[in-house]
file entry_17.cif (mmCIF, C-alpha atoms)
data_target
loop_
_atom_site.label_atom_id
_atom_site.label_comp_id
_atom_site.auth_asym_id
_atom_site.auth_seq_id
_atom_site.Cartn_x
_atom_site.Cartn_y
_atom_site.Cartn_z
CA MET A 10 -4.14 -56.69 4.83
CA LYS A 11 -5.51 -60.11 5.79
CA SER A 12 -8.56 -60.40 3.69
CA PRO A 13 -10.45 -63.60 2.89
CA LEU A 14 -10.90 -61.97 -0.53
CA LEU A 15 -7.15 -62.24 -1.04
CA LYS A 16 -7.27 -65.97 -0.34
CA ASP A 17 -9.95 -66.38 -2.99
CA ILE A 18 -7.90 -64.28 -5.40
CA GLU A 19 -4.79 -66.37 -4.72
CA LYS A 20 -6.75 -69.56 -5.29
CA ILE A 21 -8.08 -68.56 -8.68
CA ALA A 22 -4.82 -66.84 -9.71
CA ALA A 23 -2.94 -70.10 -9.13
CA GLU A 24 -4.92 -71.59 -12.00
CA MET A 25 -4.17 -68.74 -14.39
CA GLY A 26 -1.19 -67.37 -16.33
CA GLU A 27 -0.20 -63.70 -16.33
CA VAL A 28 -3.32 -61.56 -16.12
CA ARG A 29 -3.21 -57.88 -17.02
CA LEU A 30 -5.93 -55.71 -15.50
CA MET A 31 -6.22 -52.01 -16.12
CA GLU A 32 -7.81 -49.47 -13.80
CA VAL A 33 -8.83 -46.36 -15.70
CA CYS A 34 -9.71 -44.11 -12.80
CA GLY A 35 -7.14 -42.02 -10.95
CA GLY A 36 -9.11 -42.57 -7.74
CA HIS A 37 -8.62 -46.33 -8.14
CA THR A 38 -4.89 -45.82 -8.79
CA ASN A 39 -4.75 -43.86 -5.56
CA THR A 40 -6.38 -46.68 -3.57
CA VAL A 41 -4.08 -49.25 -5.23
CA MET A 42 -1.01 -47.28 -4.16
CA ARG A 43 -2.23 -46.14 -0.76
CA TYR A 44 -2.98 -49.68 0.37
CA GLY A 45 -0.15 -51.33 -1.58
CA LEU A 46 -2.56 -53.61 -3.45
CA ARG A 47 0.08 -54.40 -6.09
CA GLU A 48 2.29 -55.88 -3.40
CA VAL A 49 -0.40 -58.07 -1.85
CA LEU A 50 -1.75 -59.51 -5.10
CA PRO A 51 -0.28 -62.72 -6.54
CA LYS A 52 2.68 -62.02 -8.83
CA ASN A 53 0.85 -63.10 -11.98
CA ILE A 54 -1.95 -60.58 -11.45
CA ARG A 55 -0.72 -57.27 -12.82
CA LEU A 56 -2.53 -54.00 -12.22
CA ILE A 57 -1.83 -51.39 -14.88
CA SER A 58 -2.80 -47.75 -14.40
CA GLY A 59 -4.56 -46.32 -17.42
CA PRO A 60 -5.52 -42.82 -18.55
CA GLY A 61 -7.56 -41.96 -15.46
CA CYS A 62 -6.10 -38.63 -14.51
CA PRO A 63 -8.03 -35.73 -16.10
CA VAL A 64 -5.22 -33.18 -16.07
CA CYS A 65 -2.72 -35.78 -17.31
CA VAL A 66 -4.63 -36.64 -20.47
CA THR A 67 -5.34 -33.01 -21.34
CA SER A 68 -3.30 -32.23 -24.44
CA GLN A 69 -0.37 -29.83 -24.42
CA ARG A 70 -2.10 -27.85 -27.12
CA ASP A 71 -5.21 -27.32 -24.98
CA ILE A 72 -3.10 -26.08 -22.07
CA ASP A 73 -1.12 -23.77 -24.38
CA SER A 74 -4.38 -22.46 -25.83
CA MET A 75 -5.69 -21.52 -22.39
CA VAL A 76 -2.39 -19.91 -21.42
CA GLU A 77 -2.47 -17.78 -24.60
CA LEU A 78 -6.08 -16.87 -23.95
CA ALA A 79 -5.31 -15.79 -20.38
CA LEU A 80 -2.23 -13.82 -21.49
CA SER A 81 -4.31 -12.05 -24.14
CA GLY A 82 -6.43 -10.55 -21.36
CA VAL A 83 -9.42 -12.90 -21.32
CA LYS A 84 -10.58 -13.95 -17.85
CA VAL A 85 -10.38 -17.72 -17.39
CA ALA A 86 -11.21 -20.28 -14.71
CA THR A 87 -10.56 -23.96 -14.15
CA TYR A 88 -10.38 -26.65 -11.45
CA GLY A 89 -7.52 -26.92 -8.97
CA ASP A 90 -4.71 -29.03 -10.37
CA MET A 91 -5.13 -27.83 -13.93
CA ILE A 92 -3.54 -24.46 -13.29
CA ASN A 93 -0.22 -26.09 -12.33
CA VAL A 94 0.25 -28.26 -15.41
CA PRO A 95 3.20 -26.96 -17.42
CA GLY A 96 2.46 -25.92 -21.01
CA THR A 97 5.05 -25.33 -23.71
CA LYS A 98 5.82 -21.79 -22.52
CA MET A 99 4.31 -21.81 -19.04
CA SER A 100 1.44 -23.01 -16.86
CA LEU A 101 -1.74 -21.11 -16.07
CA VAL A 102 -0.37 -20.26 -12.64
CA ASP A 103 2.69 -18.74 -14.32
CA ALA A 104 0.35 -16.68 -16.50
CA GLN A 105 -1.46 -15.61 -13.34
CA ASN A 106 1.84 -14.45 -11.85
CA LEU A 107 2.34 -12.34 -14.98
CA GLY A 108 -0.97 -10.61 -14.28
CA ALA A 109 -3.45 -12.77 -16.18
CA ASP A 110 -6.88 -13.22 -14.56
CA VAL A 111 -6.88 -16.98 -13.83
CA ARG A 112 -9.36 -18.17 -11.25
CA MET A 113 -9.11 -21.57 -9.60
CA VAL A 114 -12.54 -22.86 -8.67
CA TYR A 115 -13.79 -25.69 -6.53
CA SER A 116 -17.27 -25.60 -8.04
CA ILE A 117 -18.63 -24.04 -11.23
CA ASP A 118 -21.25 -22.30 -9.07
CA GLN A 119 -18.49 -19.83 -8.17
CA ILE A 120 -18.41 -18.45 -11.72
CA ILE A 121 -21.91 -19.12 -13.00
CA ASP A 122 -22.75 -15.40 -12.96
CA GLU A 123 -19.56 -14.28 -14.73
CA LYS A 124 -20.53 -14.06 -18.39
CA ASP A 125 -17.12 -12.69 -19.43
CA ARG A 126 -15.06 -15.53 -17.95
CA ILE A 127 -14.11 -18.61 -20.01
CA PHE A 128 -14.24 -21.94 -18.21
CA PHE A 129 -11.50 -24.44 -19.10
CA ALA A 130 -13.57 -27.61 -18.70
CA VAL A 131 -11.55 -30.75 -17.97
CA GLY A 132 -12.36 -34.16 -16.60
CA PHE A 133 -14.29 -37.27 -17.46
CA GLU A 134 -18.00 -37.98 -17.26
CA THR A 135 -18.07 -37.13 -13.54
CA THR A 136 -17.32 -33.45 -14.12
CA THR A 137 -19.24 -33.12 -17.40
CA PRO A 138 -22.72 -32.46 -15.92
CA MET A 139 -21.41 -29.39 -14.11
CA THR A 140 -20.09 -27.97 -17.37
CA ALA A 141 -23.47 -28.71 -18.92
CA LYS A 142 -25.05 -26.58 -16.22
CA LEU A 143 -22.63 -23.71 -16.98
CA LEU A 144 -23.48 -23.90 -20.68
CA ALA A 145 -27.19 -23.89 -19.87
CA ALA A 146 -26.53 -20.67 -17.94
CA GLY A 147 -24.87 -19.11 -21.00
CA ILE A 148 -21.23 -19.28 -19.91
CA THR A 149 -18.58 -19.78 -22.62
CA VAL A 150 -16.50 -22.94 -22.28
CA PHE A 151 -13.20 -24.21 -23.65
CA CYS A 152 -14.21 -27.84 -23.58
CA ALA A 153 -11.47 -30.43 -23.00
CA HIS A 154 -13.79 -33.03 -21.46
CA LYS A 155 -12.95 -36.61 -22.28
CA VAL A 156 -15.24 -39.60 -22.64
CA MET A 157 -13.64 -42.73 -21.24
CA PRO A 158 -14.97 -45.74 -23.25
CA PRO A 159 -13.44 -44.77 -26.66
CA ALA A 160 -10.01 -44.45 -25.04
CA MET A 161 -10.41 -47.87 -23.42
CA ARG A 162 -11.35 -49.36 -26.78
CA ALA A 163 -8.24 -47.75 -28.34
CA LEU A 164 -6.02 -49.19 -25.60
CA THR A 165 -7.26 -52.74 -26.19
CA ARG A 166 -5.91 -52.46 -29.74
CA GLU A 167 -2.54 -51.18 -28.60
CA MET A 168 -1.58 -53.45 -25.71
CA ARG A 169 -2.44 -56.81 -24.24
CA LEU A 170 -5.08 -56.43 -21.55
CA ASP A 171 -7.38 -59.05 -20.04
CA GLY A 172 -9.93 -56.91 -18.24
CA PHE A 173 -10.94 -53.46 -17.06
CA ILE A 174 -11.79 -52.14 -13.63
CA ASP A 175 -14.38 -49.58 -14.68
CA PRO A 176 -14.51 -46.19 -12.93
CA GLY A 177 -17.06 -45.96 -10.11
CA HIS A 178 -18.10 -42.35 -10.14
CA VAL A 179 -17.98 -41.98 -13.91
CA SER A 180 -20.45 -44.87 -13.87
CA ALA A 181 -22.59 -43.14 -11.26
CA ILE A 182 -23.29 -40.56 -13.96
CA ILE A 183 -23.44 -42.67 -17.15
CA GLY A 184 -24.89 -45.81 -15.54
CA SER A 185 -23.90 -49.46 -15.73
CA ASP A 186 -26.00 -50.44 -18.77
CA ILE A 187 -24.01 -48.30 -21.20
CA TRP A 188 -20.72 -50.18 -20.73
CA GLY A 189 -22.01 -53.27 -22.49
CA THR A 190 -22.79 -51.22 -25.62
CA MET A 191 -19.34 -49.66 -26.02
CA ASP A 192 -17.68 -52.36 -28.12
CA ILE A 193 -14.98 -52.99 -25.53
CA PRO A 194 -13.92 -56.61 -26.16
CA LEU A 195 -12.96 -57.45 -22.55
CA PRO A 196 -14.65 -58.31 -19.25
CA GLN A 197 -15.31 -55.25 -17.09
CA VAL A 198 -16.21 -54.77 -13.44
CA ILE A 199 -17.43 -51.45 -12.06
CA SER A 200 -15.78 -50.92 -8.70
CA GLY A 201 -15.99 -48.68 -5.65
CA PHE A 202 -12.94 -47.00 -4.16
CA LYS A 203 -12.38 -48.78 -0.87
CA PRO A 204 -9.59 -51.38 -0.85
CA ASP A 205 -11.94 -54.29 -0.15
CA GLN A 206 -14.24 -53.12 -2.94
CA LEU A 207 -11.33 -53.09 -5.38
CA LEU A 208 -10.18 -56.54 -4.28
CA HIS A 209 -13.72 -57.84 -4.70
CA ALA A 210 -13.90 -56.32 -8.20
CA ILE A 211 -10.57 -57.96 -9.05
CA LEU A 212 -11.85 -61.34 -7.85
CA ILE A 213 -14.96 -61.08 -10.03
CA LEU A 214 -12.86 -59.93 -12.97
CA LEU A 215 -10.55 -62.94 -12.59
CA ARG A 216 -13.55 -65.26 -12.58
CA LEU A 217 -14.92 -63.66 -15.76
CA ILE A 218 -11.52 -63.89 -17.46
CA LYS A 219 -11.01 -67.48 -16.42
CA ASN A 220 -14.45 -68.44 -17.72
CA LYS A 221 -13.93 -66.38 -20.90
CA GLU A 222 -17.05 -64.35 -20.20
CA VAL A 223 -16.96 -60.92 -21.84
CA GLU A 224 -19.46 -59.29 -19.53
CA VAL A 225 -19.95 -56.15 -17.50
CA VAL A 226 -20.55 -56.64 -13.79
CA ASN A 227 -21.71 -53.76 -11.62
CA ASP A 228 -19.92 -54.34 -8.34
CA TYR A 229 -20.81 -50.89 -6.97
CA PRO A 230 -24.63 -51.05 -7.12
CA GLU A 231 -25.13 -48.88 -4.05
CA VAL A 232 -23.96 -45.88 -6.10
CA VAL A 233 -24.16 -46.99 -9.74
CA PHE A 234 -27.64 -47.53 -11.13
CA PRO A 235 -28.39 -49.07 -14.55
CA GLY A 236 -29.34 -45.69 -16.02
CA GLY A 237 -26.87 -43.62 -14.00
CA ASN A 238 -28.02 -40.15 -13.05
CA PRO A 239 -30.84 -39.31 -15.50
CA ILE A 240 -30.97 -35.58 -14.72
CA ALA A 241 -27.23 -35.17 -15.29
CA ARG A 242 -27.32 -37.23 -18.49
CA GLN A 243 -30.22 -35.21 -19.87
CA MET A 244 -28.42 -31.93 -19.15
CA ILE A 245 -25.31 -33.21 -20.95
CA LYS A 246 -27.37 -34.33 -23.93
CA GLU A 247 -28.99 -30.92 -24.23
CA THR A 248 -25.76 -28.91 -24.17
CA LEU A 249 -22.84 -31.03 -25.42
CA LYS A 250 -22.15 -33.17 -28.49
CA PRO A 251 -19.51 -35.88 -29.11
CA VAL A 252 -16.44 -34.79 -31.10
CA ASP A 253 -12.98 -36.20 -31.84
CA ALA A 254 -10.51 -35.24 -29.11
CA GLU A 255 -6.78 -35.11 -28.64
CA TRP A 256 -5.35 -36.95 -25.62
CA ARG A 257 -1.84 -36.56 -24.28
CA GLY A 258 0.15 -39.57 -25.43
CA MET A 259 -2.74 -41.13 -27.30
CA GLY A 260 -3.29 -38.74 -30.18
CA THR A 261 -6.75 -38.00 -31.53
CA ILE A 262 -9.38 -40.58 -30.63
CA PRO A 263 -12.66 -40.47 -32.58
CA LEU A 264 -15.67 -39.25 -30.59
CA SER A 265 -13.77 -39.28 -27.31
CA GLY A 266 -14.45 -35.65 -26.45
CA LEU A 267 -17.31 -33.18 -26.18
CA ALA A 268 -18.04 -29.73 -27.57
CA PRO A 269 -20.82 -27.23 -26.82
CA ILE A 270 -23.82 -27.66 -29.11
CA ASP A 271 -24.30 -23.88 -29.01
CA GLU A 272 -21.36 -22.60 -31.07
CA ARG A 273 -21.69 -19.14 -29.54
CA LEU A 274 -20.48 -20.67 -26.26
CA ASP A 275 -17.58 -22.64 -27.74
CA ALA A 276 -14.29 -20.87 -26.94
CA ARG A 277 -12.41 -23.07 -29.41
CA LEU A 278 -14.44 -21.49 -32.23
CA ILE A 279 -14.62 -17.96 -30.81
CA TYR A 280 -10.84 -17.69 -30.38
CA ALA A 281 -9.83 -19.95 -33.29
CA ASP A 282 -7.60 -17.25 -34.82
CA LEU A 283 -5.63 -16.84 -31.59
CA PHE A 284 -5.20 -20.60 -31.17
CA ARG A 285 -4.17 -21.26 -34.78
CA SER A 286 -0.67 -19.79 -34.39
CA ILE A 287 0.21 -21.78 -31.25
CA VAL A 288 3.11 -24.21 -31.58
CA SER A 289 3.02 -26.85 -28.84
CA VAL A 290 6.13 -28.78 -27.94
CA GLU A 291 6.32 -31.41 -25.22
CA ASN A 292 9.45 -31.97 -23.16
CA PRO A 293 11.05 -34.86 -25.10
CA LYS A 294 12.37 -36.47 -21.91
CA CYS A 295 8.98 -36.47 -20.15
CA ARG A 296 7.29 -39.86 -20.52
CA CYS A 297 3.85 -38.81 -19.31
CA GLY A 298 2.33 -39.75 -22.67
CA GLU A 299 3.41 -43.37 -22.23
CA ILE A 300 2.65 -43.38 -18.51
CA VAL A 301 -1.03 -42.48 -19.05
CA ARG A 302 -1.29 -45.49 -21.37
CA GLY A 303 0.28 -47.81 -18.82
CA LEU A 304 3.22 -48.55 -21.16
CA VAL A 305 5.92 -47.36 -18.76
CA GLU A 306 6.07 -46.83 -15.00
CA PRO A 307 6.88 -43.43 -13.47
CA ARG A 308 10.29 -44.61 -12.27
CA GLN A 309 11.31 -45.45 -15.83
CA CYS A 310 11.18 -41.74 -16.67
CA PRO A 311 14.61 -40.09 -16.47
CA LEU A 312 13.07 -36.95 -14.95
CA PHE A 313 11.15 -38.74 -12.16
CA GLY A 314 12.05 -37.57 -8.67
CA THR A 315 15.12 -35.64 -9.83
CA VAL A 316 14.19 -32.62 -11.94
CA CYS A 317 10.51 -33.55 -11.88
CA THR A 318 8.87 -33.41 -8.44
CA PRO A 319 5.42 -32.35 -7.17
CA GLU A 320 6.94 -28.98 -6.21
CA HIS A 321 8.39 -28.47 -9.72
CA PRO A 322 6.43 -30.71 -12.08
CA GLN A 323 7.90 -31.02 -15.56
CA GLY A 324 5.01 -33.07 -16.85
CA ALA A 325 1.29 -33.41 -16.26
CA CYS A 326 1.52 -36.78 -14.45
CA MET A 327 3.45 -35.20 -11.57
CA VAL A 328 0.84 -32.53 -10.84
CA SER A 329 -2.19 -34.17 -9.28
CA GLU A 330 -1.31 -35.65 -5.92
CA SER A 331 -4.55 -37.60 -5.90
CA GLU A 332 -4.74 -38.84 -9.49
CA GLY A 333 -1.48 -38.40 -11.40
CA ALA A 334 0.53 -41.63 -11.65
CA CYS A 335 3.90 -39.92 -11.06
CA ALA A 336 2.72 -37.76 -8.18
CA ILE A 337 1.11 -40.79 -6.52
CA ALA A 338 4.25 -42.92 -7.02
CA TYR A 339 6.37 -40.07 -5.62
CA LYS A 340 4.07 -39.62 -2.62
CA TYR A 341 4.00 -43.26 -1.63
CA GLY A 342 7.70 -43.76 -2.43
CA LYS A 343 7.08 -46.93 -4.35
CA SER A 344 7.20 -47.97 -7.93
CA LEU A 345 3.85 -48.52 -9.55
CA ALA A 346 5.25 -51.76 -10.96
CA GLU A 347 6.15 -54.17 -8.17
CA MET B 12 -10.93 -33.25 4.82
CA THR B 13 -10.47 -30.08 2.80
CA PHE B 14 -7.89 -31.93 0.71
CA TYR B 15 -10.45 -34.53 -0.33
CA LEU B 16 -13.05 -31.91 -1.11
CA GLU B 17 -10.92 -29.68 -3.28
CA ASN B 18 -8.31 -31.81 -4.98
CA ARG B 19 -10.09 -34.63 -6.67
CA MET B 20 -11.67 -34.61 -10.05
CA CYS B 21 -12.79 -38.20 -10.34
CA LEU B 22 -13.47 -39.17 -6.75
CA ALA B 23 -16.61 -38.06 -4.98
CA ILE B 24 -16.93 -37.83 -1.20
CA PRO B 25 -20.04 -38.56 0.90
CA GLY B 26 -21.50 -35.97 3.23
CA GLN B 27 -24.68 -35.50 5.27
CA VAL B 28 -27.24 -32.88 4.35
CA GLU B 29 -27.88 -30.40 7.17
CA SER B 30 -30.21 -27.94 5.48
CA VAL B 31 -31.82 -27.47 2.11
CA VAL B 32 -32.98 -24.26 0.42
CA GLU B 33 -34.35 -24.95 -3.05
CA LYS B 34 -31.51 -26.65 -4.95
CA LYS B 35 -28.73 -25.72 -2.52
CA ALA B 36 -27.75 -27.61 0.60
CA THR B 37 -25.33 -27.26 3.45
CA VAL B 38 -23.51 -30.57 3.67
CA ASN B 39 -21.34 -31.75 6.53
CA PHE B 40 -18.21 -33.68 5.56
CA GLY B 41 -16.84 -35.01 8.83
CA GLY B 42 -17.05 -31.56 10.44
CA VAL B 43 -16.21 -29.46 7.37
CA LYS B 44 -19.35 -27.78 6.02
CA ARG B 45 -19.82 -26.81 2.41
CA GLN B 46 -22.51 -25.46 0.11
CA VAL B 47 -23.54 -28.18 -2.30
CA ASP B 48 -25.62 -27.90 -5.47
CA LEU B 49 -28.52 -30.35 -5.67
CA SER B 50 -29.43 -29.77 -9.34
CA PHE B 51 -28.75 -33.38 -10.33
CA LEU B 52 -30.93 -35.06 -7.69
CA LEU B 53 -34.70 -35.24 -7.65
CA ASP B 54 -35.53 -34.91 -3.99
CA THR B 55 -33.03 -34.46 -1.24
CA GLN B 56 -33.90 -34.03 2.39
CA VAL B 57 -32.19 -33.09 5.62
CA ALA B 58 -30.21 -36.04 7.07
CA ASP B 59 -29.77 -37.71 3.66
CA TRP B 60 -26.24 -38.78 2.77
CA VAL B 61 -25.10 -37.64 -0.65
CA LEU B 62 -22.03 -38.30 -2.77
CA VAL B 63 -20.54 -34.93 -3.68
CA HIS B 64 -18.27 -34.16 -6.58
CA VAL B 65 -16.85 -30.71 -7.42
CA GLY B 66 -19.61 -29.08 -5.41
CA PHE B 67 -22.51 -31.13 -6.75
CA ALA B 68 -24.41 -34.04 -5.25
CA ILE B 69 -24.35 -36.78 -7.89
CA GLN B 70 -26.07 -39.60 -6.01
CA LYS B 71 -27.63 -40.50 -2.67
CA VAL B 72 -25.76 -43.07 -0.60
CA ASP B 73 -26.64 -45.08 2.47
CA GLU B 74 -25.30 -44.00 5.82
CA GLU B 75 -23.36 -47.19 6.53
CA SER B 76 -21.35 -46.94 3.32
CA ALA B 77 -20.65 -43.24 3.96
CA ARG B 78 -19.40 -43.89 7.49
CA GLU B 79 -17.11 -46.65 6.25
CA THR B 80 -15.56 -44.17 3.80
CA TYR B 81 -14.87 -41.81 6.69
CA ARG B 82 -13.29 -44.54 8.74
CA LEU B 83 -10.90 -45.29 5.86
CA LEU B 84 -10.12 -41.64 5.24
CA ALA B 85 -9.37 -41.16 8.93
CA ASP B 86 -7.07 -44.20 8.92
CA SER B 87 -5.18 -43.12 5.85
CA ARG B 88 -4.75 -39.56 7.10
CA GLN B 89 -3.30 -41.02 10.28
CA GLU B 90 -0.85 -43.11 8.25
CA GLU B 91 0.21 -40.06 6.27
CA LEU B 92 0.72 -38.06 9.42
CA GLU B 93 2.88 -40.82 10.87
CA ALA B 94 4.92 -41.04 7.66
CA GLU B 95 5.50 -37.29 7.76
CA LEU B 96 6.59 -37.49 11.38
CA ARG B 97 9.03 -40.29 10.56
CA GLN B 98 10.52 -38.21 7.76
CA SER B 99 10.99 -35.20 9.99
CA LEU B 100 12.88 -37.18 12.64
#

call {"tool": "encode", "arguments": {"input": "entry_17.cif", "output": "structure tokens"}}
result
Amino acid sequence: MKSPLLKDIEKIAAEMGEVRLMEVCGGHTNTVMRYGLREVLPKNIRLISGPGCPVCVTSQRDIDSMVELALSGVKVATYGDMINVPGTKMSLVDAQNLGADVRMVYSIDQIIDEKDRIFFAVGFETTTPMTAKLLAAGITVFCAHKVMPPAMRALTREMRLDGFIDPGHVSAIIGSDIWGTMDIPLPQVISGFKPDQLLHAILILLRLIKNKEVEVVNDYPEVVFPGGNPIARQMIKETLKPVDAEWRGMGTIPLSGLAPIDERLDARLIYADLFRSIVSVENPKCRCGEIVRGLVEPRQCPLFGTVCTPEHPQGACMVSESEGACAIAYKYGKSLAE
Amino acid sequence: MTFYLENRMCLAIPGQVESVVEKKATVNFGGVKRQVDLSFLLDTQVADWVLVHVGFAIQKVDEESARETYRLLADSRQEELEAELRQSL
């Protein structure tokens, strides 16, 4: 990778101490690993992978709740990777093997006519509008959607960070203007997913940090507009409301999740009695909870690559080949650290 | 290409619209064709490039940017293929 951008980055980095940048989108983590960006950046510029993998941050309790629901005979559906994440007793795919009706969908349009199927809604702001459309069609949802900015704010209080690389396609929905209103006390740059776009975002971020400018720069304007996608945002506003949400490894973060405004379509309320008796226990050796916060690297987990592999994931971070920190580190055979 | 279409929850992929019937389109992703929901876009026409995420177009994109994405995807798939071949030797 011989990029003039790298030369500019090296030049500015030489005038700075250790700089800690966090990317909070699994797609960005994937680009970082695929192109070995950590290796080409100056040593004092550290890239830390944050909670950008939707299935990884979904709480054990939410997974267990869906498994119980499916085992009780209720038809359920969710997106690809989610069905393979191990719960306390089993994963959704295990439940399916026991005869439960678990449908893996690529698009919610596949189930929009099935009034008796519960959709396990996961993901960040990029997958939220689709769930909003389901709710508008009268489909019941178990909502585990997460909203990214409150988690980022929480992380700035927990660890030393100097700047954020903001997620590109989340921003395509919510827009660039909103980031400046989120009380995140660090410079932020919205980036695309190509390696040169990420390097450019890193360069701008370094300039902001060096000049002590706490600003938001939209470095992906071809896709991210100031107001985002107004139709999608309106649909979300009409069907979902902010609620406190539990994240794997991060506990409950105020107003970091969403719930259906129409309580008749909220599976958490409808099946509250079934969910109340669930006891969720995480594998004490699995360090996924710390990995999603960027506190430890996949290779520091004693299970990594031995008992925990993409074929037999023990924790959520090993499931998604495209977004999970452990699965990505396993795939590219490198540590996420150096 | 199917991998990119079905396994990502936070990354959207560009494709070119081939036909539109009301709020549904057939979109071509480098040869793989899929039905895409257009509910979140105001007006979408044949030959437009759209960024698609879990079956929905979330934004229009320009053709040049879309083609660059394909070039990178093609490169990286090639690298993966080569890595797999090396492992199998």

call {"tool": "interface_residues", "arguments": {"input": "entry_17.cif", "of": "chain A", "to": "chain B", "cutoff": "10 Å", "atoms": "all atoms listed in the file", "output": "ChimeraX atom specification"}}
result
/A:34-37,39,43-44,61-64,88-90,114-119,131-136,138-139,142,176-179,181-182,201-204,231-234,237-244,329-332,340-341

call {"tool": "write_last_selection", "arguments": {"input": "entry_17.cif", "atoms": "C-alpha atoms", "output": "PDB file, in the frame of the given file"}}
result
ATOM      1  CA  CYS A  34      -9.710 -44.110 -12.800  1.00  0.00           C
ATOM      2  CA  GLY A  35      -7.140 -42.020 -10.950  1.00  0.00           C
ATOM      3  CA  GLY A  36      -9.110 -42.570  -7.740  1.00  0.00           C
ATOM      4  CA  HIS A  37      -8.620 -46.330  -8.140  1.00  0.00           C
ATOM      5  CA  ASN A  39      -4.750 -43.860  -5.560  1.00  0.00           C
ATOM      6  CA  ARG A  43      -2.230 -46.140  -0.760  1.00  0.00           C
ATOM      7  CA  TYR A  44      -2.980 -49.680   0.370  1.00  0.00           C
ATOM      8  CA  GLY A  61      -7.560 -41.960 -15.460  1.00  0.00           C
ATOM      9  CA  CYS A  62      -6.100 -38.630 -14.510  1.00  0.00           C
ATOM     10  CA  PRO A  63      -8.030 -35.730 -16.100  1.00  0.00           C
ATOM     11  CA  VAL A  64      -5.220 -33.180 -16.070  1.00  0.00           C
ATOM     12  CA  TYR A  88     -10.380 -26.650 -11.450  1.00  0.00           C
ATOM     13  CA  GLY A  89      -7.520 -26.920  -8.970  1.00  0.00           C
ATOM     14  CA  ASP A  90      -4.710 -29.030 -10.370  1.00  0.00           C
ATOM     15  CA  VAL A 114     -12.540 -22.860  -8.670  1.00  0.00           C
ATOM     16  CA  TYR A 115     -13.790 -25.690  -6.530  1.00  0.00           C
ATOM     17  CA  SER A 116     -17.270 -25.600  -8.040  1.00  0.00           C
ATOM     18  CA  ILE A 117     -18.630 -24.040 -11.230  1.00  0.00           C
ATOM     19  CA  ASP A 118     -21.250 -22.300  -9.070  1.00  0.00           C
ATOM     20  CA  GLN A 119     -18.490 -19.830  -8.170  1.00  0.00           C
ATOM     21  CA  VAL A 131     -11.550 -30.750 -17.970  1.00  0.00           C
ATOM     22  CA  GLY A 132     -12.360 -34.160 -16.600  1.00  0.00           C
ATOM     23  CA  PHE A 133     -14.290 -37.270 -17.460  1.00  0.00           C
ATOM     24  CA  GLU A 134     -18.000 -37.980 -17.260  1.00  0.00           C
ATOM     25  CA  THR A 135     -18.070 -37.130 -13.540  1.00  0.00           C
ATOM     26  CA  THR A 136     -17.320 -33.450 -14.120  1.00  0.00           C
ATOM     27  CA  PRO A 138     -22.720 -32.460 -15.920  1.00  0.00           C
ATOM     28  CA  MET A 139     -21.410 -29.390 -14.110  1.00  0.00           C
ATOM     29  CA  LYS A 142     -25.050 -26.580 -16.220  1.00  0.00           C
ATOM     30  CA  PRO A 176     -14.510 -46.190 -12.930  1.00  0.00           C
ATOM     31  CA  GLY A 177     -17.060 -45.960 -10.110  1.00  0.00           C
ATOM     32  CA  HIS A 178     -18.100 -42.350 -10.140  1.00  0.00           C
ATOM     33  CA  VAL A 179     -17.980 -41.980 -13.910  1.00  0.00           C
ATOM     34  CA  ALA A 181     -22.590 -43.140 -11.260  1.00  0.00           C
ATOM     35  CA  ILE A 182     -23.290 -40.560 -13.960  1.00  0.00           C
ATOM     36  CA  GLY A 201     -15.990 -48.680  -5.650  1.00  0.00           C
ATOM     37  CA  PHE A 202     -12.940 -47.000  -4.160  1.00  0.00           C
ATOM     38  CA  LYS A 203     -12.380 -48.780  -0.870  1.00  0.00           C
ATOM     39  CA  PRO A 204      -9.590 -51.380  -0.850  1.00  0.00           C
ATOM     40  CA  GLU A 231     -25.130 -48.880  -4.050  1.00  0.00           C
ATOM     41  CA  VAL A 232     -23.960 -45.880  -6.100  1.00  0.00           C
ATOM     42  CA  VAL A 233     -24.160 -46.990  -9.740  1.00  0.00           C
ATOM     43  CA  PHE A 234     -27.640 -47.530 -11.130  1.00  0.00           C
ATOM     44  CA  GLY A 237     -26.870 -43.620 -14.000  1.00  0.00           C
ATOM     45  CA  ASN A 238     -28.020 -40.150 -13.050  1.00  0.00           C
ATOM     46  CA  PRO A 239     -30.840 -39.310 -15.500  1.00  0.00           C
ATOM     47  CA  ILE A 240     -30.970 -35.580 -14.720  1.00  0.00           C
ATOM     48  CA  ALA A 241     -27.230 -35.170 -15.290  1.00  0.00           C
ATOM     49  CA  ARG A 242     -27.320 -37.230 -18.490  1.00  0.00           C
ATOM     50  CA  GLN A 243     -30.220 -35.210 -19.870  1.00  0.00           C
ATOM     51  CA  MET A 244     -28.420 -31.930 -19.150  1.00  0.00           C
ATOM     52  CA  SER A 329      -2.190 -34.170  -9.280  1.00  0.00           C
ATOM     53  CA  GLU A 330      -1.310 -35.650  -5.920  1.00  0.00           C
ATOM     54  CA  SER A 331      -4.550 -37.600  -5.900  1.00  0.00           C
ATOM     55  CA  GLU A 332      -4.740 -38.840  -9.490  1.00  0.00           C
ATOM     56  CA  LYS A 340       4.070 -39.620  -2.620  1.00  0.00           C
ATOM     57  CA  TYR A 341       4.000 -43.260  -1.630  1.00  0.00           C
TER      58      TYR A 341
END

call {"tool": "atom_distance", "arguments": {"input": "entry_17.cif", "atom1": "atom CA of Val150 of chain A", "atom2": "atom CA of Lys44 of chain B"}}
result
28.9 Å

call {"tool": "resolve_selection", "arguments": {"input": "entry_17.cif", "expression": "the PyMOL selection byres ((chain A and resi 294-303) around 8)", "output": "PyMOL selection string"}}
result
chain A and resi 57-62+65-66+164+257-259+291-293+304-307+310-312+323-326+334
